[in-house]
Each structure stands twice: as C-alpha cells, then as structure tokens.
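Here is start-v8.cif, consisting of mmCIF, C-alpha atoms and all ligand atoms; chains and numbers go by the auth columns:
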```
data_model
loop_
_atom_site.group_PDB
_atom_site.id
_atom_site.type_symbol
_atom_site.label_atom_id
_atom_site.label_comp_id
_atom_site.label_asym_id
_atom_site.label_seq_id
_atom_site.Cartn_x
_atom_site.Cartn_y
_atom_site.Cartn_z
_atom_site.B_iso_or_equiv
_atom_site.auth_seq_id
_atom_site.auth_asym_id
ATOM 1 C CA MET A 1 -25.165 112.558 134.156 0.00 1 A
ATOM 2 C CA SER A 2 -26.582 111.170 130.857 0.00 2 A
ATOM 3 C CA GLU A 3 -30.089 112.081 129.809 0.00 3 A
ATOM 4 C CA GLU A 4 -31.059 108.402 130.103 0.00 4 A
ATOM 5 C CA ALA A 5 -29.750 108.207 133.653 0.00 5 A
ATOM 6 C CA GLY A 6 -31.612 111.425 134.532 0.00 6 A
ATOM 7 C CA VAL A 7 -34.891 110.068 133.166 0.00 7 A
ATOM 8 C CA SER A 8 -34.575 106.773 135.000 0.00 8 A
ATOM 9 C CA ARG A 9 -33.728 108.584 138.262 0.00 9 A
ATOM 10 C CA HIS A 10 -36.778 110.797 137.775 0.00 10 A
ATOM 11 C CA LYS A 11 -38.917 107.708 137.230 0.00 11 A
ATOM 12 C CA ARG A 12 -37.499 106.087 140.338 0.00 12 A
ATOM 13 C CA ARG A 13 -38.278 109.213 142.381 0.00 13 A
ATOM 14 C CA THR A 14 -41.811 109.328 141.013 0.00 14 A
ATOM 15 C CA VAL A 15 -42.302 105.680 141.890 0.00 15 A
ATOM 16 C CA LEU A 16 -40.859 106.190 145.395 0.00 16 A
ATOM 17 C CA LYS A 17 -43.067 109.233 145.957 0.00 17 A
ATOM 18 C CA ALA A 18 -46.152 107.374 144.795 0.00 18 A
ATOM 19 C CA GLY A 19 -45.167 104.401 146.946 0.00 19 A
ATOM 20 C CA GLY A 20 -44.748 106.682 149.965 0.00 20 A
ATOM 21 C CA ALA A 21 -48.203 108.117 149.447 0.00 21 A
ATOM 22 C CA ALA A 22 -49.615 104.614 149.132 0.00 22 A
ATOM 23 C CA VAL A 23 -47.919 103.540 152.382 0.00 23 A
ATOM 24 C CA ALA A 24 -49.167 106.681 154.163 0.00 24 A
ATOM 25 C CA GLY A 25 -52.643 105.930 152.847 0.00 25 A
ATOM 26 C CA ALA A 26 -52.407 102.348 154.016 0.00 26 A
ATOM 27 C CA VAL A 27 -51.381 103.467 157.507 0.00 27 A
ATOM 28 C CA ALA A 28 -54.020 106.187 157.710 0.00 28 A
ATOM 29 C CA GLN A 29 -56.855 104.062 156.382 0.00 29 A
ATOM 30 C CA PRO A 30 -57.690 101.965 159.488 0.00 30 A
ATOM 31 C CA VAL A 31 -57.967 105.112 161.627 0.00 31 A
ATOM 32 C CA PHE A 32 -60.308 106.673 159.090 0.00 32 A
ATOM 33 C CA ALA A 33 -62.208 103.422 158.697 0.00 33 A
ATOM 34 C CA ALA A 34 -62.696 103.139 162.473 0.00 34 A
ATOM 35 C CA THR A 35 -64.171 106.613 162.847 0.00 35 A
ATOM 36 C CA ALA A 36 -66.274 106.411 159.687 0.00 36 A
ATOM 37 C CA ALA A 37 -67.704 102.945 160.398 0.00 37 A
ATOM 38 C CA PRO A 38 -71.169 104.040 161.614 0.00 38 A
ATOM 39 C CA ALA A 39 -71.687 106.371 158.655 0.00 39 A
ATOM 40 C CA GLN A 40 -70.542 103.640 156.279 0.00 40 A
ATOM 41 C CA ALA A 41 -72.903 101.176 157.920 0.00 41 A
ATOM 42 C CA GLU A 42 -75.858 103.444 157.286 0.00 42 A
ATOM 43 C CA ALA A 43 -74.728 104.220 153.762 0.00 43 A
ATOM 44 C CA ALA A 44 -74.431 100.498 153.121 0.00 44 A
ATOM 45 C CA GLY A 45 -77.876 99.881 154.549 0.00 45 A
ATOM 46 C CA GLY A 46 -76.574 98.262 157.743 0.00 46 A
ATOM 47 C CA VAL A 47 -78.438 95.803 159.909 0.00 47 A
ATOM 48 C CA PRO A 48 -81.261 97.032 162.145 0.00 48 A
ATOM 49 C CA ILE A 49 -80.923 95.561 165.636 0.00 49 A
ATOM 50 C CA THR A 50 -82.169 96.236 169.138 0.00 50 A
ATOM 51 C CA LEU A 51 -79.620 95.993 171.924 0.00 51 A
ATOM 52 C CA ARG A 52 -80.902 95.760 175.467 0.00 52 A
ATOM 53 C CA VAL A 53 -78.336 97.519 177.631 0.00 53 A
ATOM 54 C CA ASN A 54 -78.645 98.206 181.356 0.00 54 A
ATOM 55 C CA GLY A 55 -82.328 97.359 181.211 0.00 55 A
ATOM 56 C CA LYS A 56 -83.206 99.620 178.282 0.00 56 A
ATOM 57 C CA PRO A 57 -83.760 98.727 174.621 0.00 57 A
ATOM 58 C CA HIS A 58 -81.796 100.660 171.998 0.00 58 A
ATOM 59 C CA ALA A 59 -82.728 100.393 168.328 0.00 59 A
ATOM 60 C CA LEU A 60 -79.813 101.011 165.998 0.00 60 A
ATOM 61 C CA THR A 61 -78.505 100.114 162.565 0.00 61 A
ATOM 62 C CA VAL A 62 -75.005 98.701 162.392 0.00 62 A
ATOM 63 C CA GLU A 63 -72.786 97.188 159.785 0.00 63 A
ATOM 64 C CA ALA A 64 -72.571 93.454 160.428 0.00 64 A
ATOM 65 C CA ARG A 65 -68.857 93.671 161.276 0.00 65 A
ATOM 66 C CA VAL A 66 -69.306 96.236 164.106 0.00 66 A
ATOM 67 C CA THR A 67 -68.168 94.893 167.474 0.00 67 A
ATOM 68 C CA LEU A 68 -70.302 95.142 170.579 0.00 68 A
ATOM 69 C CA LEU A 69 -67.632 97.443 172.055 0.00 69 A
ATOM 70 C CA ASP A 70 -67.845 99.904 169.154 0.00 70 A
ATOM 71 C CA ALA A 71 -71.648 99.796 169.190 0.00 71 A
ATOM 72 C CA LEU A 72 -71.676 100.614 172.909 0.00 72 A
ATOM 73 C CA ARG A 73 -69.078 103.356 172.758 0.00 73 A
ATOM 74 C CA GLU A 74 -69.699 104.984 169.402 0.00 74 A
ATOM 75 C CA ARG A 75 -73.417 104.479 168.880 0.00 75 A
ATOM 76 C CA LEU A 76 -74.859 104.428 172.393 0.00 76 A
ATOM 77 C CA ASP A 77 -72.354 106.769 174.072 0.00 77 A
ATOM 78 C CA LEU A 78 -71.681 104.196 176.787 0.00 78 A
ATOM 79 C CA THR A 79 -67.964 104.778 177.120 0.00 79 A
ATOM 80 C CA GLY A 80 -67.444 102.935 180.415 0.00 80 A
ATOM 81 C CA ALA A 81 -66.170 99.867 178.572 0.00 81 A
ATOM 82 C CA LYS A 82 -62.713 100.887 177.380 0.00 82 A
ATOM 83 C CA LYS A 83 -60.897 100.011 174.179 0.00 83 A
ATOM 84 C CA GLY A 84 -57.429 98.905 175.264 0.00 84 A
ATOM 85 C CA CYS A 85 -56.057 96.337 172.840 0.00 85 A
ATOM 86 C CA ASP A 86 -59.183 95.727 170.697 0.00 86 A
ATOM 87 C CA ARG A 87 -58.127 92.071 170.361 0.00 87 A
ATOM 88 C CA GLY A 88 -59.111 90.228 173.498 0.00 88 A
ATOM 89 C CA GLU A 89 -55.870 90.570 175.421 0.00 89 A
ATOM 90 C CA CYS A 90 -56.440 93.225 178.106 0.00 90 A
ATOM 91 C CA GLY A 91 -60.005 92.884 179.434 0.00 91 A
ATOM 92 C CA ALA A 92 -60.605 96.666 179.495 0.00 92 A
ATOM 93 C CA CYS A 93 -63.761 96.181 177.411 0.00 93 A
ATOM 94 C CA THR A 94 -65.374 93.566 179.701 0.00 94 A
ATOM 95 C CA VAL A 95 -69.173 93.718 179.983 0.00 95 A
ATOM 96 C CA HIS A 96 -71.769 91.165 181.070 0.00 96 A
ATOM 97 C CA VAL A 97 -74.000 89.411 178.573 0.00 97 A
ATOM 98 C CA ASP A 98 -76.796 87.430 180.197 0.00 98 A
ATOM 99 C CA GLY A 99 -74.815 87.659 183.444 0.00 99 A
ATOM 100 C CA ARG A 100 -71.587 86.253 182.005 0.00 100 A
ATOM 101 C CA ARG A 101 -68.509 88.343 181.402 0.00 101 A
ATOM 102 C CA VAL A 102 -67.607 88.930 177.782 0.00 102 A
ATOM 103 C CA LYS A 103 -64.813 90.856 176.117 0.00 103 A
ATOM 104 C CA SER A 104 -66.938 93.159 174.027 0.00 104 A
ATOM 105 C CA CYS A 105 -64.193 93.754 171.456 0.00 105 A
ATOM 106 C CA LEU A 106 -64.368 90.072 170.514 0.00 106 A
ATOM 107 C CA THR A 107 -68.055 89.793 169.758 0.00 107 A
ATOM 108 C CA LEU A 108 -70.267 91.381 167.130 0.00 108 A
ATOM 109 C CA ALA A 109 -73.152 93.652 168.080 0.00 109 A
ATOM 110 C CA VAL A 110 -75.513 91.763 165.751 0.00 110 A
ATOM 111 C CA MET A 111 -74.884 88.569 167.761 0.00 111 A
ATOM 112 C CA GLN A 112 -76.165 90.124 170.982 0.00 112 A
ATOM 113 C CA GLU A 113 -79.722 90.872 170.007 0.00 113 A
ATOM 114 C CA GLY A 114 -82.201 89.621 172.603 0.00 114 A
ATOM 115 C CA ARG A 115 -79.536 89.340 175.286 0.00 115 A
ATOM 116 C CA GLU A 116 -79.266 91.336 178.490 0.00 116 A
ATOM 117 C CA ILE A 117 -76.126 93.448 178.337 0.00 117 A
ATOM 118 C CA THR A 118 -74.760 95.176 181.434 0.00 118 A
ATOM 119 C CA THR A 119 -72.000 97.754 181.333 0.00 119 A
ATOM 120 C CA VAL A 120 -70.268 99.453 184.245 0.00 120 A
ATOM 121 C CA GLU A 121 -72.778 102.314 183.851 0.00 121 A
ATOM 122 C CA GLY A 122 -75.523 99.871 184.846 0.00 122 A
ATOM 123 C CA LEU A 123 -73.996 98.545 188.081 0.00 123 A
ATOM 124 C CA ALA A 124 -75.125 101.276 190.483 0.00 124 A
ATOM 125 C CA ARG A 125 -78.667 101.020 191.853 0.00 125 A
ATOM 126 C CA ASP A 126 -80.845 103.645 193.455 0.00 126 A
ATOM 127 C CA GLY A 127 -77.916 106.053 193.488 0.00 127 A
ATOM 128 C CA ARG A 128 -75.662 103.559 195.312 0.00 128 A
ATOM 129 C CA LEU A 129 -72.514 102.135 193.804 0.00 129 A
ATOM 130 C CA HIS A 130 -72.142 98.364 193.545 0.00 130 A
ATOM 131 C CA PRO A 131 -70.219 96.901 196.533 0.00 131 A
ATOM 132 C CA VAL A 132 -67.345 96.053 194.155 0.00 132 A
ATOM 133 C CA GLN A 133 -67.155 99.679 193.027 0.00 133 A
ATOM 134 C CA GLU A 134 -67.151 100.817 196.656 0.00 134 A
ATOM 135 C CA ALA A 135 -64.432 98.297 197.530 0.00 135 A
ATOM 136 C CA PHE A 136 -62.270 99.519 194.630 0.00 136 A
ATOM 137 C CA ILE A 137 -62.527 103.055 196.032 0.00 137 A
ATOM 138 C CA ARG A 138 -61.825 101.880 199.614 0.00 138 A
ATOM 139 C CA HIS A 139 -58.740 99.945 198.541 0.00 139 A
ATOM 140 C CA ASP A 140 -57.431 102.501 196.060 0.00 140 A
ATOM 141 C CA ALA A 141 -57.548 99.800 193.404 0.00 141 A
ATOM 142 C CA PHE A 142 -56.869 102.047 190.431 0.00 142 A
ATOM 143 C CA GLN A 143 -54.340 104.559 189.255 0.00 143 A
ATOM 144 C CA CYS A 144 -54.911 105.731 185.693 0.00 144 A
ATOM 145 C CA GLY A 145 -58.281 103.975 185.710 0.00 145 A
ATOM 146 C CA ALA A 146 -58.125 102.769 182.111 0.00 146 A
ATOM 147 C CA CYS A 147 -58.564 99.144 183.135 0.00 147 A
ATOM 148 C CA THR A 148 -60.857 99.816 186.086 0.00 148 A
ATOM 149 C CA SER A 149 -64.310 99.382 184.559 0.00 149 A
ATOM 150 C CA GLY A 150 -63.216 96.071 183.018 0.00 150 A
ATOM 151 C CA GLN A 151 -61.683 94.973 186.328 0.00 151 A
ATOM 152 C CA VAL A 152 -64.878 95.872 188.172 0.00 152 A
ATOM 153 C CA MET A 153 -67.080 93.990 185.687 0.00 153 A
ATOM 154 C CA SER A 154 -64.839 90.927 185.929 0.00 154 A
ATOM 155 C CA ALA A 155 -64.724 91.163 189.720 0.00 155 A
ATOM 156 C CA VAL A 156 -68.527 91.230 189.955 0.00 156 A
ATOM 157 C CA ALA A 157 -68.695 88.103 187.776 0.00 157 A
ATOM 158 C CA VAL A 158 -65.858 86.341 189.642 0.00 158 A
ATOM 159 C CA ILE A 159 -67.703 86.842 192.938 0.00 159 A
ATOM 160 C CA ASP A 160 -71.043 85.726 191.428 0.00 160 A
ATOM 161 C CA GLU A 161 -69.324 82.650 189.968 0.00 161 A
ATOM 162 C CA GLY A 162 -67.967 81.744 193.428 0.00 162 A
ATOM 163 C CA HIS A 163 -64.349 82.133 192.398 0.00 163 A
ATOM 164 C CA ALA A 164 -63.257 84.625 195.033 0.00 164 A
ATOM 165 C CA GLY A 165 -62.424 82.221 197.868 0.00 165 A
ATOM 166 C CA SER A 166 -58.715 82.970 198.167 0.00 166 A
ATOM 167 C CA VAL A 167 -56.032 85.317 196.886 0.00 167 A
ATOM 168 C CA ASP A 168 -54.773 82.665 194.481 0.00 168 A
ATOM 169 C CA GLU A 169 -58.252 81.952 193.185 0.00 169 A
ATOM 170 C CA ILE A 170 -58.973 85.652 192.634 0.00 170 A
ATOM 171 C CA ARG A 171 -55.650 86.091 190.837 0.00 171 A
ATOM 172 C CA GLU A 172 -56.386 83.124 188.580 0.00 172 A
ATOM 173 C CA TRP A 173 -59.954 84.136 187.689 0.00 173 A
ATOM 174 C CA MET A 174 -59.078 87.812 187.231 0.00 174 A
ATOM 175 C CA SER A 175 -56.075 86.980 185.050 0.00 175 A
ATOM 176 C CA GLY A 176 -57.826 88.031 181.828 0.00 176 A
ATOM 177 C CA ASN A 177 -57.772 91.644 183.016 0.00 177 A
ATOM 178 C CA LEU A 178 -54.470 93.452 182.724 0.00 178 A
ATOM 179 C CA CYS A 179 -53.479 96.618 184.570 0.00 179 A
ATOM 180 C CA ARG A 180 -50.494 98.435 183.197 0.00 180 A
ATOM 181 C CA CYS A 181 -50.159 100.408 186.436 0.00 181 A
ATOM 182 C CA ALA A 182 -49.838 97.066 188.293 0.00 182 A
ATOM 183 C CA VAL A 183 -52.313 97.873 191.054 0.00 183 A
ATOM 184 C CA TYR A 184 -52.936 94.138 191.380 0.00 184 A
ATOM 185 C CA PRO A 185 -52.502 93.806 195.179 0.00 185 A
ATOM 186 C CA ASN A 186 -55.141 96.518 195.743 0.00 186 A
ATOM 187 C CA ILE A 187 -57.477 94.988 193.153 0.00 187 A
ATOM 188 C CA VAL A 188 -57.229 91.565 194.812 0.00 188 A
ATOM 189 C CA ALA A 189 -57.840 93.147 198.241 0.00 189 A
ATOM 190 C CA ALA A 190 -60.906 94.960 196.862 0.00 190 A
ATOM 191 C CA VAL A 191 -62.325 91.774 195.352 0.00 191 A
ATOM 192 C CA ARG A 192 -61.747 89.839 198.607 0.00 192 A
ATOM 193 C CA ASP A 193 -63.422 92.561 200.577 0.00 193 A
ATOM 194 C CA ALA A 194 -66.403 92.896 198.214 0.00 194 A
ATOM 195 C CA ALA A 195 -66.853 89.100 198.172 0.00 195 A
ATOM 196 C CA LYS A 196 -67.733 89.246 201.887 0.00 196 A
ATOM 197 C CA GLU A 197 -70.614 91.615 201.219 0.00 197 A
ATOM 198 C CA LYS A 198 -73.994 90.689 199.868 0.00 198 A
ATOM 199 C CA ARG A 199 -75.650 93.302 197.743 0.00 199 A
ATOM 200 C CA PRO A 200 -78.739 94.627 199.552 0.00 200 A
HETATM 201 S S1 LIG B . -60.076 95.966 174.383 0.00 1 B
HETATM 202 FE FE1 LIG B . -61.111 94.077 174.522 0.00 1 B
HETATM 203 S S2 LIG B . -59.710 92.775 175.546 0.00 1 B
HETATM 204 FE FE2 LIG B . -58.592 94.614 175.234 0.00 1 B
HETATM 205 S S1 LIG B . -55.238 101.474 186.821 0.00 2 B
HETATM 206 FE FE1 LIG B . -54.129 102.002 185.064 0.00 2 B
HETATM 207 S S2 LIG B . -54.195 100.296 183.772 0.00 2 B
HETATM 208 FE FE2 LIG B . -55.085 99.677 185.609 0.00 2 B
#
```

Rewrite the structure of this file - the entire thing - as structure tokens.
Amino acid sequence: MSEEAGVSRHKRRTVLKAGGAAVAGAVAQPVFAATAAPAQAEAAGGVPITLRVNGKPHALTVEARVTLLDALRERLDLTGAKKGCDRGECGACTVHVDGRRVKSCLTLAVMQEGREITTVEGLARDGRLHPVQEAFIRHDAFQCGACTSGQVMSAVAVIDEGHAGSVDEIREWMSGNLCRCAVYPNIVAAVRDAAKEKRP
C-alpha cells in the first residue's frame, strides 16, 4: 500500500470513528435530555406555575416545553398516568382537566394553570375506589396494567358524557385508549357494568 493510500485510509477511519461517536451522541441525547429536563428548566430560570391536582395546589417551576404528563410524573411524583407512546396515540397518559379527558402528553403544563386536574390517584374517595375501578377489578379488565389508569380515566369520562349506552358506543368512545394485551372485551364489560352504578 502506498503512503498516500495509507494516509487517506487513516483519514477515512478517523472520519468514520468521529461520525460514529456523533451518531451515538445523537441517539443518546434525547434520553439524557428527557431525564435532565427539570434541572435544565431550573437552570434556565423556568416558568413558575401552580398546578391544582386532585384538589391540591402544587407550586413548581417548569421549562415552558414540559408536558403535563412529565410535570405530573417527574415533578409531582404522580406516576399513575403512564407514558406509553408520548405522542397522543395510546391514551395511557389520560387525565381529566376541568372534568374533560385529556392526553397529558399532548398538552403543556404551563397551559393548565388554574384548571382542575384529576389523575387516577384522585379517583378514590374516603378510602373507597371509584365504581369504574371496582368494575375493572370485578371484570379482570387488565393484564399488564400499563394502559389501565388511562382506560379507567377515559371510562369515567365516557360514562359522565353519557356515551356508555351500548357495547358499540363504548367501543367507539373508548377507541383512543389502546391495550396491547387486548383485554378489550373485559374493559367494555367493566364500563357497561360501572355505567349502571351511580357514585354514592
Ligand atoms: S403517552 Fe400520551 S397518548 Fe400515549
Ligand atoms: S392491560 Fe396491558 S396494555 Fe392494557
């Protein structure tokens, strides 16, 4: 091999190595960014807000881009709302805002100031589960449970909205909540059952 060829191969290797490191960095960065977001928000000054969750006010400082889901899970330790897809497709992160269901991964925490937010942790009252939660247990409407809190929050809203009159109606109005274990028949049965009960 000529010296020139050797040098150019060395350069190519160096470039490839550097490129590999850059790609690895690019892949690793979002993971790091996700976990470091609260610290970065404070370092950057952040936005002071008060979120009212399950009847209690919580003062916190968040970067303006922080989603409601991340604020709940990472800042307030309310991990009932799950992060499935983080892009509005699975419904695992469903919470109620002013009584309406919202996918908390699709809305910013700073937009929810002054609103009444309810998570699955806030459904039980006086030590009693919500009738929907009890119906899910009765009907074995979960397997891995990853989707369950979102399903329960949607089911409560579907019943309150008056959209639980038939199997087809429940299927239609619960269609924004996916269950990878496919426990759908049990979920529908639980919603039908809970719809017959009035909360005391
Ligand atoms: S995590 Fe929000 S819809 Fe999937
Ligand atoms: S119970 Fe596992 S995803 Fe629904």

Evaluate the PyMOL selection byres (((chain A and resi 137) around 12) and not hetatm) on the structure here and hand back the selected residues as a PyMOL selection string.
-> chain A and resi 129-136+138-143+145+148+152+186-187+189-191+193-194

With a distance cut-off of 9 Å and all atoms listed in the file, select the neighbouring residues of Gly80 in chain A, excluding the residue or stretch itself and same-chain residues fewer than 6 positions from it, and output the selection as JSON, numbers by chain.
-> {"A": [72, 73, 93, 119, 120, 121, 149, 150]}

All residues within 9 Å of ligand LIG 1 (chain B) are required, counting all atoms listed in the file; please report them as a list in words.
-> Leu69, Ala81, Lys82, Lys83, Gly84, Cys85, Asp86, Arg87, Gly88, Glu89, Cys90, Gly91, Ala92, Cys93, Thr94, Val102, Lys103, Ser104, Cys105, Leu106, Gly150, Gly176, Asn177 and Leu178 of chain A

Would you mind telling me which residue in A:Ser166, A:Asn54, A:Gln151, A:Thr79 lies nearest to ligand LIG 2 (chain B) when using all atoms listed in the file?
->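 Of all the options, A:Gln151 lies closest to ligand LIG 2 (chain B).
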
Which distance in Å separates CA of Arg52 in chain A and CA of Leu76 in chain A, to one decimal?
->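 Going from CA of Arg52 in chain A over to CA of Leu76 in chain A covers 11.0 Å.
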
Could you write out as lines of an AutoDock Vina configuration file the box around ligand LIG 2 (chain B) (axis-aligned, all atoms listed in the file, 6 Å on each side), with centre and edge lengths in Å to one decimal?
```
center_x = -54.7
center_y = 100.8
center_z = 185.3
size_x = 13.1
size_y = 14.3
size_z = 15.0
```

Using all atoms listed in the file, collect all residues at a distance of at most 9 Å from (-82.1, 97.2, 181.5) as written in the file, then present them as a ChimeraX atom specification.
-> /A:52-57,116-118,122

Selection result of the PyMOL selection byres (((chain A and resi 47) around 9) and not hetatm) on this file, as a PyMOL selection string | chain A and resi 41-42+45-46+48-49+60-64+110

For ligand LIG 2 (chain B), the nearest of the candidates A:Pro185, A:Gly127, A:Gly162, A:Gly99, counting only C-alpha atoms and all ligand atoms =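 Selected residue with least distance to ligand LIG 2 (chain B): A:Pro185.
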
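For the set A:Arg75, A:Ala195, A:Ile170, A:Cys147, the residue with the smallest atom-to-atom gap to ligand LIG 2 (chain B) is A:Cys147, counting all atoms listed in the file.
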
Quick one, how far is CA of Asp77 in chain A from CA of Leu123 in chain A?
->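 It comes out at 16.3 Å.
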
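Between CA of Asp160 in chain A and CA of Val188 in chain A the interatomic distance comes to 15.4 Å.
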
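The closest residue to ligand LIG 2 (chain B), picked from A:Arg125, A:Val183, A:Gln112, A:His96 and counting all atoms listed in the file, is A:Val183.
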
Using all atoms listed in the file, pick whichever of A:Arg171, A:Arg128, A:Cys181, A:Glu161 has the shortest atom-to-atom distance to ligand LIG 2 (chain B).
-> A:Cys181

Counting all atoms listed in the file, closest pick from A:Ala164, A:Leu51, A:Leu78, A:Ala109 relative to Val66 in chain A is A:Ala109
